[in-house]
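Undergrad: Sending over entry06.txt (compact mmCIF, C-alpha atoms).
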```txt
# COMPACT_ATOMS: atom_id res chain seq x y z
CA MET A 2 91.40 -49.45 13.36
CA PHE A 3 87.87 -50.02 14.58
CA ARG A 4 88.84 -48.64 18.00
CA ALA A 5 91.65 -49.72 20.29
CA PRO A 6 91.63 -52.13 21.96
CA THR A 7 90.31 -55.16 20.14
CA ASP A 8 87.78 -57.01 22.21
CA GLY A 9 90.04 -59.14 24.38
CA PRO A 10 90.11 -60.82 27.76
CA VAL A 11 87.99 -59.33 30.53
CA GLN A 12 89.70 -58.11 33.68
CA ALA A 13 87.96 -58.59 37.00
CA ASP A 14 85.95 -55.67 38.33
CA PRO A 15 84.40 -56.55 41.69
CA HIS A 16 83.72 -53.00 42.78
CA GLY A 17 82.71 -51.12 39.61
CA ALA A 18 83.92 -47.64 38.68
CA GLY A 19 81.94 -45.82 41.33
CA GLN A 20 84.68 -46.23 43.96
CA TYR A 21 86.95 -43.86 42.04
CA ALA A 22 84.43 -41.83 40.02
CA SER A 23 83.89 -38.19 40.80
CA GLN A 24 81.03 -37.42 43.14
CA ARG A 25 80.96 -33.74 42.23
CA TRP A 26 78.55 -33.86 39.31
CA SER A 27 75.30 -32.20 40.26
CA PRO A 28 72.11 -34.10 39.32
CA GLY A 29 70.76 -30.87 37.88
CA LEU A 30 73.81 -30.16 35.77
CA TYR A 31 72.34 -31.88 32.72
CA ARG A 32 68.63 -31.83 31.98
CA VAL A 33 68.61 -32.45 28.22
CA PRO A 34 70.36 -35.10 26.12
CA VAL A 35 73.73 -34.31 24.57
CA ASP A 36 74.30 -35.10 20.89
CA VAL A 37 77.44 -37.21 20.50
CA LEU A 38 78.19 -38.73 17.08
CA GLY A 39 74.56 -38.19 16.13
CA ILE A 40 73.37 -40.07 19.23
CA ASP A 41 71.35 -38.54 22.07
CA VAL A 42 73.09 -39.32 25.37
CA ASN A 43 71.01 -38.95 28.51
CA ALA A 44 71.96 -36.98 31.62
CA SER A 45 72.78 -39.91 33.88
CA LEU A 46 75.16 -41.47 31.38
CA VAL A 47 76.88 -38.13 30.76
CA ARG A 48 77.51 -37.83 34.49
CA ARG A 49 78.99 -41.33 34.61
CA TRP A 50 81.23 -40.52 31.65
CA ALA A 51 82.54 -37.47 33.47
CA GLY A 52 83.53 -39.58 36.45
CA TRP A 53 85.26 -42.15 34.26
CA LEU A 54 87.20 -39.57 32.26
CA ALA A 55 88.16 -37.45 35.28
CA PRO A 56 87.88 -39.44 38.52
CA THR A 57 88.69 -37.71 41.79
CA CYS A 58 91.62 -40.12 42.19
CA GLN A 59 93.62 -41.53 39.29
CA PRO A 60 96.48 -43.99 38.79
CA PHE A 61 99.98 -43.03 37.68
CA PHE A 62 102.07 -45.94 36.39
CA LEU A 63 105.80 -45.87 37.13
CA THR A 64 108.83 -48.12 37.30
CA VAL A 65 110.31 -48.88 40.71
CA THR A 66 113.22 -46.57 39.88
CA GLU A 67 110.83 -43.74 38.98
CA VAL A 68 108.83 -44.19 42.19
CA VAL A 69 111.98 -44.00 44.30
CA GLY A 70 113.40 -41.08 42.34
CA LEU A 71 110.19 -39.07 42.68
CA GLY A 72 109.80 -39.87 46.36
CA LEU A 73 106.31 -41.30 45.92
CA LYS A 74 104.59 -44.25 47.61
CA PRO A 75 103.04 -46.95 45.43
CA ASP A 76 99.61 -48.27 46.27
CA ARG A 77 98.94 -51.74 47.62
CA PRO A 78 99.18 -54.27 44.76
CA THR A 79 95.70 -55.69 45.44
CA ARG A 80 93.86 -52.46 44.63
CA ASP A 81 91.46 -53.14 41.78
CA LEU A 82 91.11 -50.99 38.68
CA PRO A 83 87.46 -50.80 37.57
CA ALA A 84 86.72 -51.76 33.99
CA GLU A 85 85.80 -48.21 33.00
CA LEU A 86 89.11 -46.83 34.29
CA ARG A 87 90.92 -49.75 32.68
CA ASP A 88 89.61 -48.40 29.38
CA THR A 89 90.10 -44.70 30.17
CA TYR A 90 93.76 -45.34 30.95
CA GLU A 91 94.27 -47.98 28.23
CA VAL A 92 96.08 -50.30 30.60
CA TRP A 93 96.45 -52.95 27.89
CA ASN A 94 99.30 -50.78 26.54
CA LEU A 95 101.26 -50.91 29.79
CA ALA A 96 104.21 -53.17 30.48
CA ASP A 97 103.87 -55.74 33.25
CA GLY A 98 105.44 -54.98 36.60
CA LEU A 99 104.84 -51.24 36.80
CA GLU A 100 104.09 -49.73 40.18
CA VAL A 101 100.87 -47.73 40.61
CA VAL A 102 100.68 -44.45 42.52
CA TRP A 103 97.14 -43.15 43.12
CA LEU A 104 96.78 -39.38 43.55
CA ASP A 105 93.79 -37.11 43.89
CA GLU A 106 93.81 -33.62 42.41
CA GLN A 107 94.99 -31.94 45.58
CA GLU A 108 97.81 -34.44 46.10
CA PHE A 109 98.88 -34.09 42.48
CA HIS A 110 99.07 -30.31 42.63
CA ALA A 111 100.88 -30.48 45.96
CA GLN A 112 103.84 -32.07 44.19
CA PRO A 113 106.68 -29.80 42.99
CA SER A 114 106.31 -28.71 39.37
CA ASP A 115 109.23 -30.87 38.21
CA VAL A 116 107.63 -33.95 39.83
CA ARG A 117 104.28 -33.23 38.15
CA ALA A 118 106.04 -32.80 34.81
CA TRP A 119 107.91 -36.08 35.26
CA LEU A 120 104.74 -37.90 36.29
CA VAL A 121 102.86 -36.81 33.19
CA ARG A 122 105.76 -37.49 30.82
CA ALA A 123 106.15 -40.94 32.35
CA GLN A 124 102.51 -41.75 31.58
CA VAL A 125 103.11 -40.91 27.93
CA ARG A 126 106.28 -43.04 27.84
CA HIS A 127 104.52 -46.01 29.41
CA GLY A 128 101.50 -45.74 27.08
CA ARG A 129 98.81 -44.80 29.61
CA GLY A 130 95.71 -43.22 28.12
CA ALA A 131 94.02 -39.91 28.98
CA VAL A 132 97.16 -37.79 28.72
CA PRO A 133 96.14 -35.41 25.91
CA ALA A 134 98.22 -32.75 24.20
CA ILE A 135 97.57 -29.17 25.31
CA SER A 136 97.53 -28.06 21.68
CA ASP A 137 94.43 -30.22 21.09
CA TRP A 138 92.44 -28.59 23.91
CA SER A 139 93.51 -24.97 24.27
CA ASP A 140 90.49 -23.86 22.22
CA ILE A 141 88.14 -25.13 24.94
CA LEU A 142 90.18 -25.13 28.15
CA ASP A 143 92.26 -22.41 29.79
CA ALA A 144 95.65 -22.77 28.11
CA GLN A 145 97.51 -21.18 31.01
CA VAL A 146 96.02 -23.63 33.49
CA LEU A 147 97.01 -26.52 31.22
CA HIS A 148 100.57 -25.23 30.75
CA GLU A 149 101.04 -24.82 34.49
CA GLN A 150 99.72 -28.29 35.37
CA ALA A 151 102.73 -30.35 34.27
CA ASP A 152 105.37 -30.10 31.51
CA GLY A 153 103.62 -27.53 29.31
CA HIS A 154 102.90 -30.06 26.55
CA ARG A 155 100.63 -32.72 28.05
CA PHE A 156 98.08 -32.79 30.88
CA VAL A 157 95.82 -35.19 32.77
CA TRP A 158 92.10 -34.82 33.34
CA TRP A 159 90.70 -33.67 36.69
CA PRO A 160 87.11 -32.82 37.62
CA THR A 161 87.92 -29.09 37.77
CA LEU A 162 88.92 -29.17 34.10
CA VAL A 163 85.93 -31.16 32.86
CA GLU A 164 83.15 -29.75 35.01
CA PRO A 165 82.90 -26.23 33.49
CA HIS A 166 82.97 -27.59 29.90
CA LEU A 167 81.21 -30.90 30.33
CA ASP A 168 79.37 -31.16 27.01
CA ALA A 169 82.24 -29.88 24.84
CA VAL A 170 84.88 -32.03 26.53
CA LEU A 171 82.94 -35.28 26.55
CA THR A 172 81.65 -34.83 23.01
CA ARG A 173 85.19 -34.39 21.72
CA VAL A 174 86.67 -37.22 23.78
CA VAL A 175 84.00 -39.73 22.76
CA SER A 176 83.99 -38.62 19.11
CA ASP A 177 87.75 -38.91 18.70
CA GLY A 178 88.56 -41.39 15.95
CA GLN A 179 84.92 -42.28 15.33
CA LEU A 180 82.59 -41.78 12.38
CA PRO A 181 79.09 -40.48 13.17
CA CYS A 182 76.28 -42.98 13.50
CA ARG A 183 74.17 -43.21 10.31
CA ARG A 184 71.08 -44.93 11.71
CA THR A 185 68.76 -42.13 10.60
CA SER A 186 69.94 -42.65 7.01
CA VAL A 187 68.72 -46.25 6.93
CA PRO A 188 65.42 -46.46 4.99
CA GLU A 189 62.36 -47.75 6.84
CA GLU A 190 62.01 -50.70 4.48
CA ILE A 191 65.55 -51.82 5.35
CA TRP A 192 64.74 -51.85 9.07
CA ARG A 193 61.52 -53.79 8.44
CA ALA A 194 63.27 -56.39 6.29
CA ALA A 195 66.04 -56.86 8.84
CA ALA A 196 63.71 -57.32 11.81
CA ALA A 197 63.06 -61.04 11.22
CA LEU A 198 66.74 -61.97 11.56
CA LEU A 199 67.82 -59.06 13.74
CA PRO A 200 64.93 -58.30 16.12
CA ARG A 201 66.98 -55.98 18.36
CA ALA A 202 69.16 -54.25 15.76
CA ARG A 203 67.08 -51.10 15.58
CA GLU A 204 66.77 -50.86 19.37
CA LEU A 205 70.55 -51.14 19.83
CA SER A 206 71.58 -48.86 16.97
CA GLY A 207 72.57 -45.37 17.97
CA THR A 208 73.09 -46.18 21.65
CA PHE A 209 75.96 -46.41 24.11
CA ALA A 210 76.42 -49.29 26.54
CA SER A 211 75.95 -48.36 30.18
CA GLY A 212 79.58 -49.21 30.95
CA SER A 213 82.67 -51.07 29.82
CA ARG A 214 82.89 -54.79 29.13
CA GLY A 215 83.38 -56.69 32.36
CA GLY A 216 82.29 -53.79 34.55
CA SER A 217 79.48 -53.73 37.05
CA PHE A 218 77.67 -51.01 35.07
CA ALA A 219 77.50 -53.06 31.85
CA GLY A 220 75.34 -55.85 33.29
CA ASP A 221 73.78 -57.86 30.46
CA ASP A 222 74.26 -55.00 28.01
CA ALA A 223 75.85 -55.56 24.58
CA ALA A 224 79.12 -54.05 25.76
CA PHE A 225 81.53 -55.20 23.04
CA CYS A 226 81.48 -56.02 19.34
CA PHE A 227 80.71 -59.76 19.46
CA ALA A 228 78.00 -59.29 22.07
CA ALA A 229 76.45 -56.48 20.02
CA VAL A 230 76.12 -58.78 16.99
CA MET A 231 74.54 -61.57 19.02
CA ALA A 232 72.23 -59.20 20.91
CA ALA A 233 71.02 -57.72 17.62
CA ALA A 234 70.09 -61.27 16.60
CA GLY A 235 68.00 -61.65 19.75
CA VAL A 236 70.43 -63.48 22.05
CA GLN A 237 69.76 -62.77 25.72
CA GLY A 238 72.77 -62.16 27.99
CA ALA A 239 75.00 -61.85 24.94
CA ASN A 240 77.95 -60.54 26.98
CA GLU A 241 78.40 -64.04 28.42
CA VAL A 242 77.82 -66.12 25.25
CA PRO A 243 80.94 -67.52 23.48
CA PHE A 244 80.90 -65.96 20.02
CA GLU A 245 82.63 -68.76 18.09
CA GLY A 246 80.16 -71.31 19.46
CA TRP A 247 77.21 -69.11 18.59
CA LEU A 248 78.60 -68.51 15.10
CA ALA A 249 78.96 -72.25 14.46
CA ALA A 250 75.49 -73.05 15.81
CA HIS A 251 73.46 -70.30 14.14
CA CYS A 252 75.31 -69.23 10.98
CA LEU A 253 76.38 -70.68 7.65
CA VAL A 254 79.62 -69.80 5.90
CA GLY A 255 79.20 -67.12 3.22
CA GLY A 256 76.87 -64.19 2.77
CA SER A 257 76.15 -60.93 1.00
CA GLU A 258 76.81 -57.47 2.40
CA ASP A 259 73.67 -56.21 0.66
CA LEU A 260 71.37 -58.56 2.57
CA PRO A 261 70.37 -58.48 6.25
CA GLY A 262 71.90 -60.95 8.69
CA THR A 263 75.37 -61.37 7.20
CA VAL A 264 77.82 -61.53 10.09
CA LEU A 265 81.11 -59.88 9.16
CA VAL A 266 84.04 -61.30 11.12
CA TRP A 267 87.58 -59.99 10.91
CA ARG A 268 90.32 -62.42 11.93
CA ASN A 269 94.04 -61.91 12.39
CA ALA A 270 96.76 -63.88 10.64
CA ASP A 271 96.40 -66.72 13.15
CA GLY A 272 92.65 -66.96 12.54
CA ASN A 273 91.75 -65.49 15.92
CA LEU A 274 88.78 -63.15 16.30
CA HIS A 275 89.49 -59.46 15.93
CA HIS A 276 86.15 -57.77 15.31
CA ALA A 277 82.59 -58.44 14.16
CA ALA A 278 79.60 -56.58 12.73
CA VAL A 279 76.28 -57.56 11.18
CA THR A 280 74.66 -56.27 8.02
CA LEU A 281 71.21 -54.67 8.01
CA GLY A 282 70.85 -54.86 4.23
CA GLY A 283 71.18 -52.21 1.57
CA GLY A 284 74.89 -51.74 2.33
CA TRP A 285 74.40 -50.86 6.03
CA ALA A 286 75.88 -52.58 9.08
CA LEU A 287 75.67 -52.41 12.86
CA HIS A 288 78.78 -52.73 15.03
CA LYS A 289 80.39 -51.61 18.28
CA PRO A 290 83.99 -50.52 17.70
CA GLY A 291 85.38 -51.84 20.99
CA GLN A 292 84.76 -52.85 24.58
CA GLU A 293 85.21 -49.38 26.09
CA TRP A 294 82.51 -47.24 27.67
CA LEU A 295 83.08 -44.52 25.08
CA THR A 296 82.40 -46.58 21.93
CA PRO A 297 78.84 -46.54 20.51
CA ARG A 298 76.70 -49.22 18.96
CA GLN A 299 76.57 -47.49 15.61
CA VAL A 300 75.32 -47.93 12.08
CA LEU A 301 77.82 -47.34 9.28
CA GLY A 302 77.97 -48.05 5.60
CA VAL A 303 79.67 -51.40 4.98
CA ARG A 304 82.23 -49.66 2.78
CA ASP A 305 83.15 -47.28 5.60
CA LEU A 306 83.38 -50.19 8.01
CA ASN A 307 85.71 -52.09 5.68
CA ARG A 308 87.97 -49.05 5.43
CA LEU A 309 88.37 -49.04 9.22
CA ALA A 310 89.75 -52.58 9.29
CA PRO A 311 93.39 -52.73 10.45
CA PRO A 312 96.12 -54.04 8.14
CA GLY A 313 96.46 -57.79 8.22
CA ALA A 314 92.87 -58.51 9.27
CA THR A 315 90.95 -60.84 6.95
CA LEU A 316 87.19 -60.50 6.47
CA HIS A 317 85.02 -63.62 6.71
CA ARG A 318 81.27 -63.67 6.03
CA TYR A 319 78.62 -65.84 7.68
CA SER A 320 74.85 -65.87 7.15
CA LEU A 321 72.39 -66.06 10.03
CA ARG A 322 70.05 -69.01 9.71
CA ASN A 323 66.40 -68.04 9.58
CA GLU A 324 65.46 -69.81 12.80
CA PRO A 325 64.44 -68.85 16.33
CA VAL A 326 67.40 -67.91 18.47
CA PRO A 327 67.33 -69.64 21.89
CA SER A 328 67.47 -67.37 24.89
```
Is it possible to express this structure as structure tokens?
TA:
Amino acid sequence: MFRAPTDGPVQADPHGAGQYASQRWSPGLYRVPVDVLGIDVNASLVRRWAGWLAPTCQPFFLTVTEVVGLGLKPDRPTRDLPAELRDTYEVWNLADGLEVVWLDEQEFHAQPSDVRAWLVRAQVRHGRGAVPAISDWSDILDAQVLHEQADGHRFVWWPTLVEPHLDAVLTRVVSDGQLPCRRTSVPEEIWRAAAALLPRARELSGTFASGSRGGSFAGDDAAFCFAAVMAAAGVQGANEVPFEGWLAAHCLVGGSEDLPGTVLVWRNADGNLHHAAVTLGGGWALHKPGQEWLTPRQVLGVRDLNRLAPPGATLHRYSLRNEPVPS
């Protein structure tokens, strides 16, 4: 897979992630960039990531029966989930109709140990994200603290876990399932040749969006795969431009993966869009694996990119026309 989820419908995010993000991160905590997947990530973005991975208050998704059995109170149904937390908790995996109980760290730990264990196991059963296995993190985090948090097998992120190990935790979380960015391996002549068709490709490569697709932090950023392709080609406000319409207006069917400006589009069995990337030439391509805050705009070899395609997806090639792209 390129990175779950595929770039799908946007959920409303009127408030942004700041309402639920941790406010504990000191401005002086990070003064130098952190290397993640071969990309330098600046201090302000690292602090935002920390709040999105481990907010001070997080949602627990439960059936009505589970809520009653645990003696918990669900939140009001109109409470909005910011786009960044939508992606942290992978809510696209959840069944419709689940109740949501919001707890902060103190409220969570105030629950009896059997309730905490049930809560965490229920998140795994329902498919919520950010419920890692203790065995994957005991080399960085205090294993005893993790074992005592819930059922002894899984845990949920809180600021007190992330804060002392900020660089190690975030680097591992963001790198999970991703190949490193290869932008520094692209020869200078390849970048120069690609610039006519892809004026922003070099600027975007090896960067992270400022937030998730549909979130208030993302703004006009190239926050998902289709927008990243169009932005590389010089389209302004690419997040809001319909990709199929742009493809029909500015590309021709067919293309070569060795030349710059070939748009690679993966479609499912019904012909619907699944993913897109654009070639730089010389066997290199630029793509963004998904819509989430933790996926980079990265350069990979086209062969590596093809190997990431999910079963059943069909690759289609389109060539950018050599013409000015309207803003």
Undergrad: Name the closest residue to A:Gln124 among the candidates A:Glu67, A:Asp177, A:Asp137, A:Asp105; distances are taken between atoms, counting only C-alpha atoms.
TA: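 Looking only at the distances to A:Gln124, the closest residue turns out to be A:Glu67.
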Undergrad: Given the choices A:Val279, A:Ile40, A:Leu99, A:Val157, which gets closest to A:Pro56 if the distance is worked out from all atoms listed in the file?
TA: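 Smallest distance to A:Pro56 is found for A:Val157.
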Undergrad: How far is it from atom CA of A:Gly302 to atom CA of A:Leu171, in Å with one decimal?
TA: 25.0 Å
Undergrad: Find the distance between atom CA of A:His148 and atom CA of A:Val174 and write it in Å to one decimal.
TA: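 Between atom CA of A:His148 and atom CA of A:Val174 the gap works out to 19.6 Å.
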Undergrad: Interatomic distance between atom CA of A:Gln237 and atom CA of A:Leu306?
TA: 25.6 Å
Undergrad: Which one of A:Ala223, A:Cys182, A:Ala286, A:Leu321 sits closest to A:Trp247 if you count all atoms listed in the file?
TA: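 Closest to A:Trp247, using all atoms listed in the file: A:Leu321.
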Undergrad: I'd like to know which of A:Gly235, A:Thr57, A:Val125, A:Ile141 is closest to A:His154, using only C-alpha atoms.
TA: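 Smallest distance to A:His154 is found for A:Val125.
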Undergrad: Would you give me, as a tab-separated table, each residue of stretch 190-247 of chain A having an atom within 10 Å of an atom of stretch 264-269 of chain A, along with its shortest atom pair and that distance in Å to one decimal, using only C-alpha atoms and sorting by chain and residue number?
TA:
```
residue	atom	partner	partner_atom	distance
A:Phe227	CA	A:Val266	CA	9.1
A:Val230	CA	A:Val264	CA	7.6
A:Met231	CA	A:Val264	CA	9.5
```
Undergrad: Between A:Asp140, A:Ala234, A:Asp152, A:Val102, which is the closest to A:Asp115 once you count only C-alpha atoms?
TA: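 Among A:Asp140, A:Ala234, A:Asp152, A:Val102, it is A:Asp152 that comes nearest to A:Asp115.
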Undergrad: Neighbours of A:Thr89 within 9 Å (all atoms listed in the file; same-chain residues fewer than 2 positions away dropped), as a ChimeraX atom specification?
TA: /A:53-54,84-87,91-92,129-131,293-295
Undergrad: Produce a file of the selected residues containing C-alpha atoms, as a PDB file, in the frame of the given file.
TA:
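For reference, out_15.pdb as written:
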```pdb
ATOM      1  CA  TRP A  53      85.260 -42.150  34.260  1.00  0.00           C
ATOM      2  CA  LEU A  54      87.200 -39.570  32.260  1.00  0.00           C
ATOM      3  CA  ALA A  84      86.720 -51.760  33.990  1.00  0.00           C
ATOM      4  CA  GLU A  85      85.800 -48.210  33.000  1.00  0.00           C
ATOM      5  CA  LEU A  86      89.110 -46.830  34.290  1.00  0.00           C
ATOM      6  CA  ARG A  87      90.920 -49.750  32.680  1.00  0.00           C
ATOM      7  CA  GLU A  91      94.270 -47.980  28.230  1.00  0.00           C
ATOM      8  CA  VAL A  92      96.080 -50.300  30.600  1.00  0.00           C
ATOM      9  CA  ARG A 129      98.810 -44.800  29.610  1.00  0.00           C
ATOM     10  CA  GLY A 130      95.710 -43.220  28.120  1.00  0.00           C
ATOM     11  CA  ALA A 131      94.020 -39.910  28.980  1.00  0.00           C
ATOM     12  CA  GLU A 293      85.210 -49.380  26.090  1.00  0.00           C
ATOM     13  CA  TRP A 294      82.510 -47.240  27.670  1.00  0.00           C
ATOM     14  CA  LEU A 295      83.080 -44.520  25.080  1.00  0.00           C
TER      15      LEU A 295
END
```
Undergrad: So, with only C-alpha atoms as the atoms that count, which of A:Leu142, A:Leu95, A:Asn323, A:Val42 lies closest to A:Leu253?
TA: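 Result for the nearest residue to A:Leu253: A:Asn323.
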Undergrad: Assuming 3 Å of padding per side, give the centre and edge lengths of the axis-aligned box around every listed atom of stretch 139-142 of chain A, in Å to one decimal and as JSON.
TA:
```
{"center_x": 90.8, "center_y": -24.5, "center_z": 25.2, "size_x": 11.4, "size_y": 7.3, "size_z": 11.9}
```
Undergrad: Applying 12 Å and only C-alpha atoms, which residues near stretch 143-146 of chain A remain after dropping the ones on its own chain fewer than 3 positions away? List them as a PyMOL selection string.
TA: chain A and resi 110+134-140+149-159+161-163+165-166
Undergrad: With all atoms listed in the file as the counted atoms, please give the residues lying no more than 12 Å from A:Asp271, apart from itself and same-chain residues fewer than 4 positions off, as a PDB file with C-alpha atoms, keeping the file's coordinate frame.
TA:
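Saved file around_24.pdb follows:
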```pdb
ATOM      1  CA  TRP A 267      87.580 -59.990  10.910  1.00  0.00           C
ATOM      2  CA  HIS A 275      89.490 -59.460  15.930  1.00  0.00           C
ATOM      3  CA  GLY A 313      96.460 -57.790   8.220  1.00  0.00           C
ATOM      4  CA  ALA A 314      92.870 -58.510   9.270  1.00  0.00           C
ATOM      5  CA  THR A 315      90.950 -60.840   6.950  1.00  0.00           C
TER       6      THR A 315
END
```
Undergrad: In file coordinates, which residues lie within 10 Å of (80.9, -54.1, 24.0) using only C-alpha atoms, given as a PyMOL selection string?
TA: chain A and resi 8+209-215+219+222-230+239-240+288-298
